[in-house]
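Reading through the structure tokens given below for one structure.
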Protein chains: 4
Amino acid sequence: MARKVDPEKHEEKRLELLEAAHRCFLREGLRGASTATICKEAGISPGHLYHYFSSKEVIVEAMAEDYLRRLHGYFADQPEDADTSALLLSEIWTMQGWSDVEHCRILFELLAEAGRNPRIRAILQENTRHVRAILSQTLKAGQAKGEVDPALDPEQVAAMLIAVVDAAPMLPLMVDGLDFAASRDMLTLMVRRFLAPPAKE
Amino acid sequence: MARKVDPEKHEEKRLELLEAAHRCFLREGLRGASTATICKEAGISPGHLYHYFSSKEVIVEAMAEDYLRRLHGYFADQPEDADTSALLLSEIWTMQGWSDVEHCRILFELLAEAGRNPRIRAILQENTRHVRAILSQTLKAGQAKGEVDPALDPEQVAAMLIAVVDAAPMLPLMVDGLDFAASRDMLTLMVRRFLAPPAKE
Amino acid sequence: MARKVDPEKHEEKRLELLEAAHRCFLREGLRGASTATICKEAGISPGHLYHYFSSKEVIVEAMAEDYLRRLHGYFADQPEDADTSALLLSEIWTMQGWSDVEHCRILFELLAEAGRNPRIRAILQENTRHVRAILSQTLKAGQAKGEVDPALDPEQVAAMLIAVVDAAPMLPLMVDGLDFAASRDMLTLMVRRFLAPPAKE
Amino acid sequence: MARKVDPEKHEEKRLELLEAAHRCFLREGLRGASTATICKEAGISPGHLYHYFSSKEVIVEAMAEDYLRRLHGYFADQPEDADTSALLLSEIWTMQGWSDVEHCRILFELLAEAGRNPRIRAILQENTRHVRAILSQTLKAGQAKGEVDPALDPEQVAAMLIAVVDAAPMLPLMVDGLDFAASRDMLTLMVRRFLAPPAKE
DNA sequence: TATGAATGAGGGTTCATTCAT
DNA sequence: GATGAATGAACCCTCATTCAT
């Protein structure tokens, strides 16, 4: 009689709901999207949402964690022999066009929220910490290989690179009809020139 | 007895209200800040706001326009003899610390909103168009002076620089305790190396 | 220094305002029309309205009185030799088409309001009393001339005729494209047959 | 366990709400009655109204439809052998006194509204179309039986009779202390004389 | 006389959340 | 697990009215 809750199925549904939430938040904003909308998007009843999340706040936080985790998955497991700059920008090089960048716009929602919500800021910083560790590792390897100016502080450069990469979704919003490939190439050029060891005299 | 309509006072009050709105939006978000809160911040009664703005939407739009106009005022009227990179980053060089960057966080609200609100996107793009014109002018002058790689397309570089500069407010949110001066110097270094004409062999 | 208020001009402006109010009330309803709207229609400032009327309620009441007075002016001063039925329906016979009936729709507003507002009901009844007196006079004259069935109670018939006449503005609302002249003729026929003394056998 | 959606209960509650709304609208007017008042009258919370109706406008429209449908129910299913005039006025003959006529005052609200709101006018006209069909049927039968002047156009007479019947609720508003039975009898006499075939000479 | 800035109560509506089923 | 009825606080906005000028 006592039907055990299948924890796997529960977790699976949870992730499904977070993705639905992500779509709604993109479409209508963190505040603008109602729990009712999210439920409709996910195909469940309004009350049932609370079997998975105790409040809307929790949904936002879980969505942020889930999204950021997935996003920085791109930085891990890169081919050993790749060019350092390309490695550092792998998140962008995995995308094919502005439409791939689209869902990253949620970052602006999170950044805006992080400015006033300590829990979201903590989530953002925790995630950034991970990514910085990975990037600074890559930078150090680059320095060892002589591809990166040894005078640069890897920790600080890593932080700046994250900001620069996360700025990419601004471009299609600010300028209509921008060429994706050209923008990506220019960004890569900028990073390469920045990191390159100064020419010896 | 002198019955002036006094449209100057009206305009003055309008700007005052927009600044109050800006503070509220920073504190609670574009949706989170209620018209009542804005009125309290500005010291007027809830109904009176609608003497100056026909809806909350209009307040957001006017605030965006007003804020962006003020922000890109920094790019105009720069000393003729300054270094090109510093000129291009003048917006950041006018700031003294992260606390000065604080109010720029409103950009994330606007970027998030621009993703789903065509009117806000139009305002953002119109403003960007202005700034791009100024920056590309500076870049062309730099190319003429031999300070900027002539192979770079000024238009495209300008767009990217705006994104990079606007990414700055991300840093204190993502990493706690970052040094402002060091970050600014590193950003300047990156831009300088990017723009510099390749060394001749 | 003490400029005397010209009472005539004051009264004139008052009537002008009442007509503006009538137009607004027709367009938007007694509650739907705001004092601001009325002021705009009349071309005065919102505060100035209160020099003429102490409240919106008073405007409605004054408008009702003014309108009803004007409306039943049609019943007075009719040619002595006219047919009794035509005399009784003179209000309708002065109109040329449904567009002339249009402004009578305000009656429905007043009837609705009279159902719950004793002051409006009193105004309506006072006006009806006048009209009834006139109509019952006409009826008695008709009975004397042998044109009206002497068995009918003039007082009661008068009341019913007012209701029937006031029902006319319903027709264009209820049925689209009704012919005005035909409707008027039919109404006249009904009243004539009703009033006619029964044929002697 | 049996999870019925139970649309019947939903519909039942809807009708209950419409009746509560009707009472409120009578008491305070279409605009004057607030959704909060309606909710209180119906014994539900302010927000819950919107489970059943998407806006106050919809409530007014649904109430109008519901009310008019119920009202003209009186015209259907009349005894075959009844007098034609009584049949045509059956709506009034089902009522026992002015207090029964009371709730018909909502018609004035609707007529006022119909003058400026096309949706309400459409509802009114659709309802009138039904009633006219029924009445003109009755009239034709009356003509066949020789009880109704064959020279009269049934369609046009039907429209006028509706207006005359709907004018009845004006009487108690316009004249205090009117006798219900006497008024009803006089109205019936008027209709009978109107419809009667002219006496042959 | 005349203006329009200013008030604050209240209107329609939304929404996160709870709970009986 | 799953539903959707139900709540009540809060939101944006309107409006009759007042008052300094």
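Numbering starts fresh at 1 for the residues of each chain in the structure tokens, the chains themselves are lettered A, B, ... in the order given, and ligands are numbered from 1 as they appear.
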
query = What's the 10 Å shell around Tyr52 of chain A, counting only C-alpha atoms (C1' of nucleotides), without same-chain residues fewer than 6 positions away, as a PyMOL selection string?
reply = chain A and resi 10-11+13-15+17+58-59

request  = Write out as number ranges by chain the residues lying within 9 Å of segment 5-13 of chain E, counting only C-alpha atoms (C1' of nucleotides) and excluding same-chain residues fewer than 6 positions away.
outcome  = B: 44-48, 51; D: 34-36, 47, 50, 55-56; F: 11, 13-14, 17-19

Keeping N, CA and C atoms (P, O5', C5', C4', C3', O3' and C1' of nucleotides), export the residues of the selection given above as a PDB file, in the first residue's frame.
ATOM      1  N   ILE B  44       5.994  61.965  -2.888  1.00  0.00           N
ATOM      2  CA  ILE B  44       4.704  62.435  -3.412  1.00  0.00           C
ATOM      3  C   ILE B  44       3.639  61.374  -3.149  1.00  0.00           C
ATOM      4  N   SER B  45       2.393  61.737  -3.372  1.00  0.00           N
ATOM      5  CA  SER B  45       1.307  60.795  -3.115  1.00  0.00           C
ATOM      6  C   SER B  45       1.172  59.827  -4.298  1.00  0.00           C
ATOM      7  N   PRO B  46       0.619  58.662  -4.033  1.00  0.00           N
ATOM      8  CA  PRO B  46       0.571  57.616  -5.060  1.00  0.00           C
ATOM      9  C   PRO B  46      -0.090  58.053  -6.362  1.00  0.00           C
ATOM     10  N   GLY B  47      -1.151  58.824  -6.250  1.00  0.00           N
ATOM     11  CA  GLY B  47      -1.840  59.209  -7.477  1.00  0.00           C
ATOM     12  C   GLY B  47      -1.074  60.233  -8.302  1.00  0.00           C
ATOM     13  N   HIS B  48      -0.264  61.022  -7.619  1.00  0.00           N
ATOM     14  CA  HIS B  48       0.334  62.175  -8.293  1.00  0.00           C
ATOM     15  C   HIS B  48       1.372  61.799  -9.350  1.00  0.00           C
ATOM     16  N   HIS B  51       0.542  62.429 -12.927  1.00  0.00           N
ATOM     17  CA  HIS B  51       0.602  63.755 -13.541  1.00  0.00           C
ATOM     18  C   HIS B  51       1.821  63.875 -14.430  1.00  0.00           C
TER      19      HIS B  51
ATOM     20  N   SER D  34     -18.793  47.350  -7.159  1.00  0.00           N
ATOM     21  CA  SER D  34     -17.408  46.915  -7.339  1.00  0.00           C
ATOM     22  C   SER D  34     -17.341  45.389  -7.324  1.00  0.00           C
ATOM     23  N   THR D  35     -16.284  44.871  -7.903  1.00  0.00           N
ATOM     24  CA  THR D  35     -16.121  43.409  -7.867  1.00  0.00           C
ATOM     25  C   THR D  35     -16.032  42.948  -6.419  1.00  0.00           C
ATOM     26  N   ALA D  36     -15.455  43.763  -5.566  1.00  0.00           N
ATOM     27  CA  ALA D  36     -15.366  43.402  -4.150  1.00  0.00           C
ATOM     28  C   ALA D  36     -16.760  43.239  -3.554  1.00  0.00           C
ATOM     29  N   GLY D  47     -10.329  37.675  -4.969  1.00  0.00           N
ATOM     30  CA  GLY D  47      -9.607  37.118  -6.107  1.00  0.00           C
ATOM     31  C   GLY D  47     -10.346  35.991  -6.803  1.00  0.00           C
ATOM     32  N   TYR D  50     -12.314  35.678 -10.289  1.00  0.00           N
ATOM     33  CA  TYR D  50     -11.645  35.552 -11.582  1.00  0.00           C
ATOM     34  C   TYR D  50     -11.390  34.100 -11.969  1.00  0.00           C
ATOM     35  N   SER D  55     -13.166  39.059 -16.401  1.00  0.00           N
ATOM     36  CA  SER D  55     -13.163  40.494 -16.118  1.00  0.00           C
ATOM     37  C   SER D  55     -14.562  40.908 -15.683  1.00  0.00           C
ATOM     38  N   LYS D  56     -14.646  42.101 -15.147  1.00  0.00           N
ATOM     39  CA  LYS D  56     -15.948  42.601 -14.726  1.00  0.00           C
ATOM     40  C   LYS D  56     -16.855  42.766 -15.952  1.00  0.00           C
TER      41      LYS D  56
ATOM     42  P    DC F  11       2.978  45.987  -3.681  1.00  0.00           P
ATOM     43  O5'  DC F  11       2.613  46.120  -5.214  1.00  0.00           O
ATOM     44  C5'  DC F  11       2.603  44.935  -6.043  1.00  0.00           C
ATOM     45  C4'  DC F  11       1.833  45.246  -7.289  1.00  0.00           C
ATOM     46  C3'  DC F  11       1.963  46.706  -7.670  1.00  0.00           C
ATOM     47  O3'  DC F  11       2.423  46.875  -8.991  1.00  0.00           O
ATOM     48  C1'  DC F  11      -0.319  46.036  -7.625  1.00  0.00           C
ATOM     49  P    DC F  13       0.195  51.481 -14.716  1.00  0.00           P
ATOM     50  O5'  DC F  13      -1.188  52.174 -14.341  1.00  0.00           O
ATOM     51  C5'  DC F  13      -2.394  51.470 -14.645  1.00  0.00           C
ATOM     52  C4'  DC F  13      -3.558  52.158 -13.997  1.00  0.00           C
ATOM     53  C3'  DC F  13      -3.689  53.656 -14.274  1.00  0.00           C
ATOM     54  O3'  DC F  13      -4.800  53.817 -15.143  1.00  0.00           O
ATOM     55  C1'  DC F  13      -4.184  53.113 -11.998  1.00  0.00           C
ATOM     56  P    DT F  14      -5.278  55.288 -15.589  1.00  0.00           P
ATOM     57  O5'  DT F  14      -6.481  55.585 -14.595  1.00  0.00           O
ATOM     58  C5'  DT F  14      -7.483  54.604 -14.434  1.00  0.00           C
ATOM     59  C4'  DT F  14      -8.600  55.161 -13.600  1.00  0.00           C
ATOM     60  C3'  DT F  14      -9.027  56.576 -13.965  1.00  0.00           C
ATOM     61  O3'  DT F  14     -10.444  56.582 -13.910  1.00  0.00           O
ATOM     62  C1'  DT F  14      -8.422  56.512 -11.692  1.00  0.00           C
ATOM     63  P    DT F  17     -17.060  65.014  -5.467  1.00  0.00           P
ATOM     64  O5'  DT F  17     -15.831  65.820  -4.839  1.00  0.00           O
ATOM     65  C5'  DT F  17     -15.115  65.240  -3.755  1.00  0.00           C
ATOM     66  C4'  DT F  17     -13.836  65.997  -3.498  1.00  0.00           C
ATOM     67  C3'  DT F  17     -13.973  67.514  -3.367  1.00  0.00           C
ATOM     68  O3'  DT F  17     -13.709  67.851  -2.014  1.00  0.00           O
ATOM     69  C1'  DT F  17     -11.998  66.899  -4.517  1.00  0.00           C
ATOM     70  P    DT F  18     -13.849  69.332  -1.504  1.00  0.00           P
ATOM     71  O5'  DT F  18     -12.329  69.782  -1.335  1.00  0.00           O
ATOM     72  C5'  DT F  18     -11.435  68.926  -0.637  1.00  0.00           C
ATOM     73  C4'  DT F  18     -10.047  69.523  -0.638  1.00  0.00           C
ATOM     74  C3'  DT F  18      -9.982  71.014  -0.294  1.00  0.00           C
ATOM     75  O3'  DT F  18      -8.922  71.183   0.631  1.00  0.00           O
ATOM     76  C1'  DT F  18      -8.886  70.628  -2.334  1.00  0.00           C
ATOM     77  P    DC F  19      -8.775  72.498   1.492  1.00  0.00           P
ATOM     78  O5'  DC F  19      -7.539  73.222   0.766  1.00  0.00           O
ATOM     79  C5'  DC F  19      -6.387  72.458   0.416  1.00  0.00           C
ATOM     80  C4'  DC F  19      -5.440  73.319  -0.403  1.00  0.00           C
ATOM     81  C3'  DC F  19      -5.512  74.830  -0.089  1.00  0.00           C
ATOM     82  O3'  DC F  19      -4.197  75.342  -0.111  1.00  0.00           O
ATOM     83  C1'  DC F  19      -5.841  74.475  -2.386  1.00  0.00           C
TER      84       DC F  19
END

task = Select from segment 67-149 of chain B everything DSSP, run on the backbone, classes as alpha helix (DSSP H), then give the selection as a PyMOL selection string.
result = chain B and resi 67-71+84-88+90-93+98-101+106-114+118-144

Could you list, as a compact mmCIF listing (two decimals) with N, CA and C atoms, in the first residue's frame, every residue of chain A that has an atom within 8 Å of an atom of chain B, counting only C-alpha atoms?
# COMPACT_ATOMS: atom_id res chain seq x y z
N LEU A 26 12.75 33.50 -19.24
CA LEU A 26 13.29 34.19 -20.40
C LEU A 26 12.21 35.02 -21.08
N ARG A 27 11.04 34.43 -21.20
CA ARG A 27 9.95 35.05 -21.93
C ARG A 27 9.35 36.22 -21.17
N GLU A 28 9.27 36.09 -19.84
CA GLU A 28 8.52 37.09 -19.08
C GLU A 28 9.25 37.68 -17.89
N GLY A 29 10.48 37.25 -17.67
CA GLY A 29 11.22 37.80 -16.54
C GLY A 29 11.00 37.01 -15.27
N ARG A 31 10.26 38.06 -12.24
CA ARG A 31 9.04 38.45 -11.54
C ARG A 31 7.83 38.28 -12.45
N GLY A 32 8.01 38.57 -13.71
CA GLY A 32 6.88 38.57 -14.63
C GLY A 32 6.27 37.20 -14.85
N ARG A 105 20.58 34.89 -22.09
CA ARG A 105 20.04 36.16 -21.62
C ARG A 105 19.55 36.06 -20.19
N ILE A 106 19.25 34.84 -19.77
CA ILE A 106 18.81 34.68 -18.39
C ILE A 106 19.86 35.20 -17.42
N PHE A 108 21.31 37.98 -17.49
CA PHE A 108 21.05 39.38 -17.12
C PHE A 108 20.01 39.44 -16.03
N GLU A 109 19.02 38.56 -16.12
CA GLU A 109 18.06 38.47 -15.03
C GLU A 109 18.78 38.14 -13.73
N LEU A 111 21.99 38.49 -12.97
CA LEU A 111 22.89 39.55 -12.53
C LEU A 111 22.10 40.67 -11.87
N ALA A 112 20.98 41.02 -12.47
CA ALA A 112 20.14 42.06 -11.88
C ALA A 112 19.67 41.63 -10.50
N GLU A 113 19.23 40.39 -10.42
CA GLU A 113 18.74 39.86 -9.14
C GLU A 113 19.88 39.77 -8.13
N ALA A 114 21.04 39.36 -8.60
CA ALA A 114 22.19 39.20 -7.70
C ALA A 114 22.55 40.51 -7.02
N GLY A 115 22.24 41.62 -7.66
CA GLY A 115 22.56 42.92 -7.07
C GLY A 115 21.77 43.21 -5.82
N ARG A 116 20.66 42.51 -5.64
CA ARG A 116 19.84 42.81 -4.45
C ARG A 116 19.44 41.58 -3.64
N ARG A 121 23.22 36.02 -5.37
CA ARG A 121 24.62 36.42 -5.53
C ARG A 121 25.55 35.29 -5.10
N LEU A 124 25.73 32.74 -7.76
CA LEU A 124 26.54 33.24 -8.87
C LEU A 124 28.03 33.16 -8.53
N GLN A 125 28.36 33.55 -7.33
CA GLN A 125 29.77 33.56 -6.94
C GLN A 125 30.32 32.15 -6.82
N THR A 128 30.93 31.01 -10.24
CA THR A 128 32.09 31.71 -10.79
C THR A 128 33.39 31.14 -10.23
N ARG A 129 33.36 30.82 -8.95
CA ARG A 129 34.54 30.23 -8.32
C ARG A 129 34.99 28.99 -9.09
N GLN A 156 43.14 36.78 -11.75
CA GLN A 156 42.45 38.00 -12.16
C GLN A 156 42.01 37.94 -13.63
N VAL A 157 42.89 37.41 -14.45
CA VAL A 157 42.52 37.28 -15.86
C VAL A 157 41.29 36.38 -16.02
N ALA A 159 38.80 35.94 -13.99
CA ALA A 159 37.59 36.69 -13.65
C ALA A 159 37.17 37.59 -14.80
N MET A 160 38.15 38.26 -15.37
CA MET A 160 37.81 39.17 -16.45
C MET A 160 37.29 38.43 -17.68
N ALA A 163 33.66 37.62 -17.35
CA ALA A 163 32.83 38.79 -17.61
C ALA A 163 32.73 39.08 -19.10
N VAL A 164 33.86 38.96 -19.78
CA VAL A 164 33.87 39.25 -21.20
C VAL A 164 33.01 38.24 -21.97
N ASP A 166 30.52 36.51 -20.75
CA ASP A 166 29.11 36.70 -20.40
C ASP A 166 28.54 37.98 -21.01
N ALA A 167 29.42 38.84 -21.49
CA ALA A 167 28.93 40.06 -22.13
C ALA A 167 28.43 39.80 -23.54
N ALA A 168 28.81 38.65 -24.09
CA ALA A 168 28.46 38.36 -25.48
C ALA A 168 26.96 38.48 -25.78
N MET A 170 24.93 40.46 -24.86
CA MET A 170 24.51 41.86 -25.02
C MET A 170 24.47 42.26 -26.47
N LEU A 171 25.43 41.74 -27.24
CA LEU A 171 25.64 42.26 -28.59
C LEU A 171 24.39 42.24 -29.46
N LEU A 173 21.41 42.29 -28.61
CA LEU A 173 20.40 43.20 -28.07
C LEU A 173 20.72 44.65 -28.42
N MET A 174 22.00 44.94 -28.41
CA MET A 174 22.41 46.34 -28.60
C MET A 174 22.50 46.74 -30.05
N VAL A 175 22.93 45.81 -30.88
CA VAL A 175 23.08 46.12 -32.29
C VAL A 175 22.33 45.09 -33.13
N ASP A 176 21.44 45.59 -33.94
CA ASP A 176 20.65 44.69 -34.77
C ASP A 176 21.48 44.18 -35.95
N SER A 183 31.87 38.54 -34.93
CA SER A 183 31.99 38.99 -33.56
C SER A 183 32.81 38.00 -32.74
N MET A 186 36.43 38.29 -33.64
CA MET A 186 37.06 39.50 -33.10
C MET A 186 37.32 39.34 -31.61
N LEU A 187 36.36 38.76 -30.91
CA LEU A 187 36.54 38.52 -29.48
C LEU A 187 37.75 37.62 -29.26
N LEU A 189 40.31 37.22 -31.22
CA LEU A 189 41.51 37.99 -31.53
C LEU A 189 41.91 38.87 -30.34
N MET A 190 40.91 39.50 -29.76
CA MET A 190 41.19 40.37 -28.62
C MET A 190 41.84 39.57 -27.49
N VAL A 191 41.27 38.46 -27.17
CA VAL A 191 41.81 37.65 -26.07
C VAL A 191 43.21 37.15 -26.41
N ARG A 193 45.49 38.45 -28.44
CA ARG A 193 46.48 39.52 -28.36
C ARG A 193 46.75 39.93 -26.92
N PHE A 194 45.68 39.89 -26.13
CA PHE A 194 45.82 40.26 -24.72
C PHE A 194 46.78 39.30 -24.01
N ALA A 199 56.25 40.64 -27.57
CA ALA A 199 57.33 40.29 -28.51
C ALA A 199 58.67 40.68 -27.90

Cut-off 8 Å: closest chain F/chain D atom pairs per residue, using only C-alpha atoms (C1' of nucleotides), as a Markdown table:
| residue | atom | partner | partner_atom | distance |
| --- | --- | --- | --- | --- |
| F:DT3 | C1' | D:Arg3 | CA | 7.1 |
| F:DA6 | C1' | D:His48 | CA | 6.5 |
| F:DT7 | C1' | D:Ser45 | CA | 6.4 |
| F:DG8 | C1' | D:Ser45 | CA | 7.4 |

Proximity check chain E to chain C, 10 Å, nearest pairs one decimal Å, only C-alpha atoms (C1' of nucleotides), as a tab-separated table:
residue	atom	partner	partner_atom	distance
E:DT1	C1'	C:His48	CA	8.9
E:DA2	C1'	C:His48	CA	6.4
E:DT3	C1'	C:Ser45	CA	6.4
E:DG4	C1'	C:Ser45	CA	7.3

Would you pick out the contacts of Leu139 of chain B at 9 Å or less, using only C-alpha atoms (C1' of nucleotides), so that residues sharing its chain but fewer than 2 positions from it are not included, and give the list as an mmCIF file with C-alpha atoms, in the first residue's frame?
data_model
loop_
_atom_site.group_PDB
_atom_site.id
_atom_site.type_symbol
_atom_site.label_atom_id
_atom_site.label_comp_id
_atom_site.auth_asym_id
_atom_site.auth_seq_id
_atom_site.Cartn_x
_atom_site.Cartn_y
_atom_site.Cartn_z
ATOM 1 C CA THR B 84 43.218 56.274 -27.485
ATOM 2 C CA SER B 85 42.565 53.331 -25.164
ATOM 3 C CA LEU B 88 37.634 54.605 -25.332
ATOM 4 C CA ILE B 134 31.564 58.421 -30.995
ATOM 5 C CA LEU B 135 33.809 55.433 -30.363
ATOM 6 C CA SER B 136 34.340 54.633 -34.002
ATOM 7 C CA GLN B 137 35.314 58.278 -34.535
ATOM 8 C CA ALA B 141 41.515 59.053 -35.252
ATOM 9 C CA GLY B 142 43.648 56.466 -33.473
ATOM 10 C CA GLN B 143 44.262 54.663 -36.756
ATOM 11 C CA ALA B 144 45.272 57.964 -38.358
ATOM 12 C CA GLU B 147 47.945 54.043 -32.440
ATOM 13 C CA VAL B 148 45.320 51.592 -33.665
ATOM 14 C CA PRO B 154 36.119 50.584 -36.322
ATOM 15 C CA GLU B 155 32.372 49.923 -36.361
ATOM 16 C CA VAL B 157 35.319 47.155 -32.566
ATOM 17 C CA ALA B 158 33.160 49.942 -31.193
#
